[in-house]
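What follows is the content of model-v5.txt, which has compact mmCIF, C-alpha atoms and all ligand atoms:
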# COMPACT_ATOMS: atom_id res chain seq x y z
CA MET A 25 20.30 2.01 -7.00
CA TYR A 26 16.62 1.23 -6.40
CA LYS A 27 15.32 -2.32 -6.46
CA ILE A 28 11.87 -3.85 -5.87
CA ARG A 29 11.61 -7.41 -4.51
CA LYS A 30 9.21 -9.72 -2.73
CA ALA A 31 9.48 -9.54 1.07
CA GLY A 32 10.67 -12.47 3.16
CA TYR A 33 10.35 -13.35 6.86
CA LYS A 34 13.68 -11.61 7.57
CA ASP A 35 12.00 -8.31 6.59
CA ILE A 36 9.28 -8.52 9.25
CA GLY A 37 11.04 -6.15 11.71
CA THR A 38 11.48 -3.49 9.02
CA LEU A 39 7.92 -3.98 7.74
CA VAL A 40 6.50 -3.48 11.23
CA LYS A 41 8.54 -0.27 11.58
CA PHE A 42 7.28 1.03 8.21
CA GLY A 43 3.70 -0.13 8.92
CA LYS A 44 3.70 1.88 12.13
CA GLN A 45 5.13 4.92 10.35
CA LEU A 46 2.37 4.66 7.74
CA ASN A 47 -0.22 4.41 10.49
CA SER A 48 1.19 7.48 12.31
CA PHE A 49 1.02 9.37 9.03
CA GLU A 50 -2.62 8.42 8.47
CA TYR A 51 -3.45 9.13 12.13
CA ILE A 52 -3.00 12.85 11.38
CA PHE A 53 -5.95 12.64 8.94
CA ALA A 54 -8.27 10.21 10.75
CA GLN A 55 -7.49 9.80 14.43
CA ASP A 56 -10.52 7.64 15.38
CA PHE A 57 -9.69 5.13 12.67
CA HIS A 58 -5.93 4.96 13.19
CA LYS A 59 -5.51 4.91 16.95
CA LEU A 60 -3.55 1.72 17.66
CA ASP A 61 -4.84 -0.92 20.06
CA THR A 62 -2.67 -2.45 22.76
CA ASN A 63 -0.46 -5.25 21.45
CA SER A 64 -0.28 -3.57 18.04
CA ASN A 65 3.31 -4.73 17.47
CA LYS A 66 2.26 -8.38 17.69
CA LYS A 67 -0.73 -7.68 15.43
CA PHE A 68 1.49 -5.98 12.83
CA VAL A 69 3.76 -9.05 12.83
CA GLU A 70 0.73 -11.35 12.36
CA TYR A 71 -0.60 -9.13 9.56
CA PHE A 72 2.65 -9.30 7.57
CA ARG A 73 3.18 -13.01 8.26
CA ARG A 74 -0.38 -13.85 7.17
CA HIS A 75 -0.02 -12.00 3.87
CA MET A 76 3.41 -13.51 3.19
CA ARG A 77 2.00 -17.03 3.60
CA LYS A 78 -0.93 -16.47 1.23
CA ARG A 79 -0.29 -16.97 -2.48
CA SER A 80 -3.09 -14.50 -3.20
CA SER A 81 -1.36 -11.71 -1.25
CA MET A 82 1.82 -9.81 -2.04
CA ILE A 83 4.27 -7.93 0.17
CA LEU A 84 6.99 -6.02 -1.68
CA VAL A 85 10.04 -4.23 -0.31
CA ALA A 86 11.76 -1.32 -2.06
CA GLU A 87 15.51 -1.05 -1.46
CA TYR A 88 18.07 1.66 -2.06
CA ASN A 89 21.60 0.26 -2.29
CA GLY A 90 20.45 -2.85 -0.39
CA LYS A 91 18.68 -0.93 2.39
CA PRO A 92 14.86 -1.18 2.72
CA ILE A 93 13.18 2.20 2.12
CA GLY A 94 9.54 1.28 1.52
CA TYR A 95 6.93 -1.43 1.12
CA LEU A 96 3.66 -2.35 -0.55
CA ALA A 97 0.98 -4.81 0.58
CA ALA A 98 -1.78 -6.18 -1.63
CA LYS A 99 -4.35 -8.96 -1.54
CA ILE A 100 -7.20 -10.40 -3.56
CA GLN A 101 -10.62 -9.11 -2.60
CA LYS A 102 -13.51 -11.50 -3.26
CA ARG A 103 -16.73 -9.99 -4.60
CA SER A 104 -20.15 -11.58 -4.77
CA SER A 105 -20.33 -14.50 -7.18
CA ILE A 106 -23.27 -12.80 -8.89
CA TYR A 107 -20.65 -10.68 -10.65
CA LYS A 108 -18.54 -11.87 -13.54
CA LEU A 109 -15.75 -9.75 -12.00
CA ASN A 110 -15.75 -11.67 -8.72
CA ARG A 111 -12.12 -11.12 -7.65
CA VAL A 112 -10.14 -7.89 -7.77
CA VAL A 113 -6.69 -6.89 -6.55
CA GLU A 114 -6.79 -4.61 -3.50
CA LEU A 115 -3.79 -2.44 -2.67
CA LEU A 116 -3.67 -2.39 1.13
CA ASP A 117 -0.62 -0.28 2.04
CA ILE A 118 2.09 1.67 0.31
CA PHE A 119 4.83 3.57 2.10
CA VAL A 120 8.12 5.18 1.01
CA CYS A 121 10.56 6.75 3.52
CA THR A 122 10.44 10.56 3.40
CA GLU A 123 13.94 11.05 1.97
CA HIS A 124 13.23 8.74 -1.01
CA ARG A 125 9.83 10.13 -1.98
CA LYS A 126 9.24 11.64 -5.43
CA SER A 127 11.96 9.44 -6.95
CA GLY A 128 9.59 7.00 -8.65
CA VAL A 129 9.78 4.28 -5.96
CA GLY A 130 6.04 4.18 -5.22
CA THR A 131 5.31 4.04 -8.95
CA ARG A 132 7.75 1.15 -9.40
CA MET A 133 6.20 -0.84 -6.53
CA ILE A 134 2.66 -0.37 -7.87
CA ASN A 135 3.70 -1.27 -11.43
CA PHE A 136 5.58 -4.37 -10.15
CA ALA A 137 2.50 -5.58 -8.21
CA ILE A 138 0.06 -4.88 -11.05
CA ARG A 139 2.31 -6.63 -13.59
CA GLN A 140 2.51 -9.75 -11.42
CA TYR A 141 -1.24 -9.89 -10.75
CA SER A 142 -2.16 -9.17 -14.36
CA ARG A 143 0.03 -12.12 -15.49
CA ARG A 144 -2.16 -14.23 -13.20
CA GLY A 145 -5.29 -12.99 -14.94
CA PHE A 146 -6.47 -10.23 -12.57
CA SER A 147 -7.85 -7.28 -14.51
CA HIS A 148 -8.92 -4.67 -11.91
CA VAL A 149 -7.16 -2.97 -8.98
CA VAL A 150 -8.93 -1.10 -6.16
CA LEU A 151 -7.69 0.81 -3.11
CA PHE A 152 -8.90 2.99 -0.26
CA VAL A 153 -7.31 6.37 0.35
CA LEU A 154 -8.15 8.97 2.97
CA SER A 155 -9.81 11.98 1.32
CA LYS A 156 -7.49 14.31 3.27
CA ASN A 157 -4.34 12.60 1.95
CA LYS A 158 -4.05 14.89 -1.07
CA ASN A 159 -0.50 13.82 -2.02
CA ALA A 160 -1.53 10.17 -2.13
CA LEU A 161 -4.58 11.10 -4.23
CA ARG A 162 -2.27 12.88 -6.70
CA PHE A 163 0.06 9.90 -6.68
CA TYR A 164 -2.74 7.40 -7.49
CA ARG A 165 -4.23 9.68 -10.14
CA SER A 166 -0.80 9.93 -11.79
CA LEU A 167 -0.92 6.15 -12.08
CA GLY A 168 -4.32 6.14 -13.78
CA PHE A 169 -6.56 5.45 -10.76
CA ARG A 170 -9.94 7.20 -10.76
CA GLU A 171 -12.46 7.71 -7.95
CA PHE A 172 -15.61 5.61 -8.35
CA VAL A 173 -17.02 5.24 -4.83
CA LYS A 174 -17.08 7.38 -1.70
CA GLU A 175 -16.94 5.76 1.73
CA MET A 176 -18.73 7.91 4.34
CA TYR A 177 -18.83 7.81 8.12
CA ARG A 178 -20.41 9.53 11.11
CA LYS A 179 -20.33 8.94 14.82
CA ALA A 180 -23.22 6.82 16.01
C1 LIG B 201 2.24 8.21 -1.58
C2 LIG B 201 3.68 7.68 -1.72
C3 LIG B 201 3.66 6.16 -1.54
C4 LIG B 201 4.19 8.02 -3.13
O1 LIG B 201 5.45 7.41 -3.31
P1 LIG B 201 6.62 8.13 -4.14
O2 LIG B 201 7.71 7.15 -4.34
O3 LIG B 201 6.97 9.40 -3.47
O4 LIG B 201 5.85 8.44 -5.51
P2 LIG B 201 6.50 8.62 -6.98
O5 LIG B 201 7.84 9.26 -6.89
O6 LIG B 201 6.41 7.34 -7.70
O7 LIG B 201 5.47 9.69 -7.59
C5 LIG B 201 4.82 9.51 -8.84
C6 LIG B 201 3.91 10.70 -9.10
O8 LIG B 201 2.91 10.82 -8.09
C7 LIG B 201 2.65 12.21 -7.81
N1 LIG B 201 3.10 12.50 -6.44
C8 LIG B 201 3.79 11.68 -5.60
N2 LIG B 201 4.03 12.30 -4.41
C9 LIG B 201 3.48 13.53 -4.53
C10 LIG B 201 3.43 14.65 -3.64
N3 LIG B 201 3.98 14.61 -2.42
N4 LIG B 201 2.82 15.77 -4.09
C11 LIG B 201 2.27 15.84 -5.31
N5 LIG B 201 2.29 14.80 -6.21
C12 LIG B 201 2.89 13.67 -5.81
C13 LIG B 201 3.47 12.99 -8.82
O9 LIG B 201 2.66 13.16 -9.98
C14 LIG B 201 4.62 12.04 -9.10
O10 LIG B 201 5.20 12.25 -10.36
P3 LIG B 201 6.38 13.38 -10.51
O11 LIG B 201 7.42 13.08 -9.44
O12 LIG B 201 6.86 13.16 -11.90
O13 LIG B 201 5.72 14.69 -10.28
C15 LIG B 201 4.63 8.35 -0.68
O14 LIG B 201 4.51 9.73 -0.80
C16 LIG B 201 4.33 7.96 0.77
O15 LIG B 201 4.84 6.98 1.29
N6 LIG B 201 3.48 8.77 1.43
C17 LIG B 201 3.13 8.53 2.84
C18 LIG B 201 2.27 7.31 3.01
C19 LIG B 201 1.01 7.36 2.18
O16 LIG B 201 0.34 8.39 2.05
N7 LIG B 201 0.65 6.21 1.62
C20 LIG B 201 -0.57 6.04 0.87
C21 LIG B 201 -1.65 5.63 1.80
S1 LIG B 201 -3.17 5.39 0.89
Is it possible to express this structure as structure tokens?
Amino acid sequence: MYKIRKAGYKDIGTLVKFGKQLNSFEYIFAQDFHKLDTNSNKKFVEYFRRHMRKRSSMILVAEYNGKPIGYLAAKIQKRSSIYKLNRVVELLDIFVCTEHRKSGVGTRMINFAIRQYSRRGFSHVVLFVLSKNKNALRFYRSLGFREFVKEMYRKA
């Protein structure tokens, strides 16, 4: 049985493992941007700890029969105060273990996070996705996300 819950400090080891798996996956599409620095383990731990401490952030764990099989990380992104919409939810990471994909787990994590943030008055959700990650693009589109900006890069 699948279950979605908020992560706790006891999950850090698993989160670091999943975070690294997500990074390796994205490395295939964008090597320059996903090559890990030295000490990355420590930095992953700090990343998850920092977001767990902040009330504005959210780290969720998906479980199957009590065993962690995925996670989601989100935070609040501040925009310029010239805008009425000056804070939006930003989905940072989402990862589901290969053998549990296409079973609705990713959808459940996103819906859980959006429900919680919308109860707190947040009305818009944004995310970045690599253009080459076609499956993730399909996944987000299936959840109602639409492209509205393109981030571009070149080597200097
Ligand atoms: C993207 C990811 C989180 C989706 O999680 P998931 O639990 O497999 O997604 P769901 O089962 O909730 O899928 C919901 C819908 O998204 C679409 N979708 C999801 N995975 C898809 C795939 N591999 N190919 C095509 N469509 C897909 C489908 O429309 C699916 O509905 P359906 O099963 O009724 O066809 C998961 O594939 C993953 O961890 N991928 C690797 C990491 C990654 O790319 N993360 C996103 C970084 S931006």
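Considering the residues A:Ala137, A:Ile93, A:Ile36, A:Leu46 and counting only C-alpha atoms, Ser80 of chain A has its shortest atom-to-atom contact with A:Ala137.
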Within 8 Å of ligand LIG 201 (chain B), counting all atoms listed in the file, residues as a PDB file with C-alpha atoms, in the coordinates of the input:
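The new file selection19.pdb reads:
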ATOM      1  CA  LEU A  46       2.370   4.660   7.740  1.00  0.00           C
ATOM      2  CA  PHE A  49       1.020   9.370   9.030  1.00  0.00           C
ATOM      3  CA  GLU A  50      -2.620   8.420   8.470  1.00  0.00           C
ATOM      4  CA  GLY A  94       9.540   1.280   1.520  1.00  0.00           C
ATOM      5  CA  LEU A 116      -3.670  -2.390   1.130  1.00  0.00           C
ATOM      6  CA  ASP A 117      -0.620  -0.280   2.040  1.00  0.00           C
ATOM      7  CA  ILE A 118       2.090   1.670   0.310  1.00  0.00           C
ATOM      8  CA  PHE A 119       4.830   3.570   2.100  1.00  0.00           C
ATOM      9  CA  VAL A 120       8.120   5.180   1.010  1.00  0.00           C
ATOM     10  CA  CYS A 121      10.560   6.750   3.520  1.00  0.00           C
ATOM     11  CA  THR A 122      10.440  10.560   3.400  1.00  0.00           C
ATOM     12  CA  HIS A 124      13.230   8.740  -1.010  1.00  0.00           C
ATOM     13  CA  ARG A 125       9.830  10.130  -1.980  1.00  0.00           C
ATOM     14  CA  LYS A 126       9.240  11.640  -5.430  1.00  0.00           C
ATOM     15  CA  SER A 127      11.960   9.440  -6.950  1.00  0.00           C
ATOM     16  CA  GLY A 128       9.590   7.000  -8.650  1.00  0.00           C
ATOM     17  CA  VAL A 129       9.780   4.280  -5.960  1.00  0.00           C
ATOM     18  CA  GLY A 130       6.040   4.180  -5.220  1.00  0.00           C
ATOM     19  CA  THR A 131       5.310   4.040  -8.950  1.00  0.00           C
ATOM     20  CA  ARG A 132       7.750   1.150  -9.400  1.00  0.00           C
ATOM     21  CA  LEU A 151      -7.690   0.810  -3.110  1.00  0.00           C
ATOM     22  CA  PHE A 152      -8.900   2.990  -0.260  1.00  0.00           C
ATOM     23  CA  VAL A 153      -7.310   6.370   0.350  1.00  0.00           C
ATOM     24  CA  LEU A 154      -8.150   8.970   2.970  1.00  0.00           C
ATOM     25  CA  ASN A 157      -4.340  12.600   1.950  1.00  0.00           C
ATOM     26  CA  LYS A 158      -4.050  14.890  -1.070  1.00  0.00           C
ATOM     27  CA  ASN A 159      -0.500  13.820  -2.020  1.00  0.00           C
ATOM     28  CA  ALA A 160      -1.530  10.170  -2.130  1.00  0.00           C
ATOM     29  CA  LEU A 161      -4.580  11.100  -4.230  1.00  0.00           C
ATOM     30  CA  ARG A 162      -2.270  12.880  -6.700  1.00  0.00           C
ATOM     31  CA  PHE A 163       0.060   9.900  -6.680  1.00  0.00           C
ATOM     32  CA  TYR A 164      -2.740   7.400  -7.490  1.00  0.00           C
ATOM     33  CA  ARG A 165      -4.230   9.680 -10.140  1.00  0.00           C
ATOM     34  CA  SER A 166      -0.800   9.930 -11.790  1.00  0.00           C
ATOM     35  CA  LEU A 167      -0.920   6.150 -12.080  1.00  0.00           C
TER      36      LEU A 167
END
Given all atoms listed in the file as the basis, pick out the residue of A:Arg77, A:Glu175, A:Ser64, A:Val113 nearest to Gly145 of chain A.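 The answer is A:Val113, which sits nearest to Gly145 of chain A.
Among the candidate residues A:Phe42, A:Phe53, A:Tyr88, A:Tyr95, the one lying nearest to Ile134 of chain A is A:Tyr95, with distances computed using all atoms listed in the file.
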Do you have the atom CA of Ser81 of chain A-atom CA of Glu114 of chain A distance handy?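 Distance reported for this atom pair: 9.2 Å.
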Each residue of segment 96-175 of chain A lying at most 9 Å from segment 73-76 of chain A should get a row with its shortest atom-to-atom pair and the distance in Å to one decimal, counting all atoms listed in the file; could you produce that, ordered by chain and increasing number, as a tab-separated table?
residue	atom	partner	partner_atom	distance
A:Ala97	CA	A:His75	CA	8.0
A:Ala98	CA	A:His75	CA	8.2
A:Lys99	CA	A:His75	CA	7.6
Could you check the closest approach to Tyr141 of chain A for each of A:Ala31, A:Val173, A:Met82, A:Leu96 and tell me which residue wins, using only C-alpha atoms?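 Smallest separation from Tyr141 of chain A among the options: A:Met82.
If all atoms listed in the file are the atoms counted, then among A:Val69, A:Met25, A:Ile100, A:Ala54 the closest residue to Lys41 of chain A is A:Val69.
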Could you give me, as JSON, numbers by chain, the residues within 9 Å of Gly32 of chain A, counting only C-alpha atoms and dropping anything in the same chain fewer than 6 positions from it? {"A": [76, 83, 84, 85]}
Exercise: Ser48 of chain A partners within 9 Å, only C-alpha atoms, chain neighbours under 4 positions left out, as a PDB file with C-alpha atoms, keeping the file's coordinate frame:
ATOM      1  CA  GLY A  43       3.700  -0.130   8.920  1.00  0.00           C
ATOM      2  CA  LYS A  44       3.700   1.880  12.130  1.00  0.00           C
ATOM      3  CA  ILE A  52      -3.000  12.850  11.380  1.00  0.00           C
ATOM      4  CA  HIS A  58      -5.930   4.960  13.190  1.00  0.00           C
ATOM      5  CA  LYS A  59      -5.510   4.910  16.950  1.00  0.00           C
TER       6      LYS A  59
END
Just checking: using all atoms listed in the file, which residue out of A:Asp61, A:Ala86, A:Tyr107, A:Lys78 ends up closest to Met133 of chain A? A:Ala86
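Straight-line separation from atom CA of Ile106 of chain A to atom CA of His148 of chain A: 16.8 Å.
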Atom CA of Val150 of chain A and atom CA of Arg111 of chain A, how far apart in Å? 10.6 Å
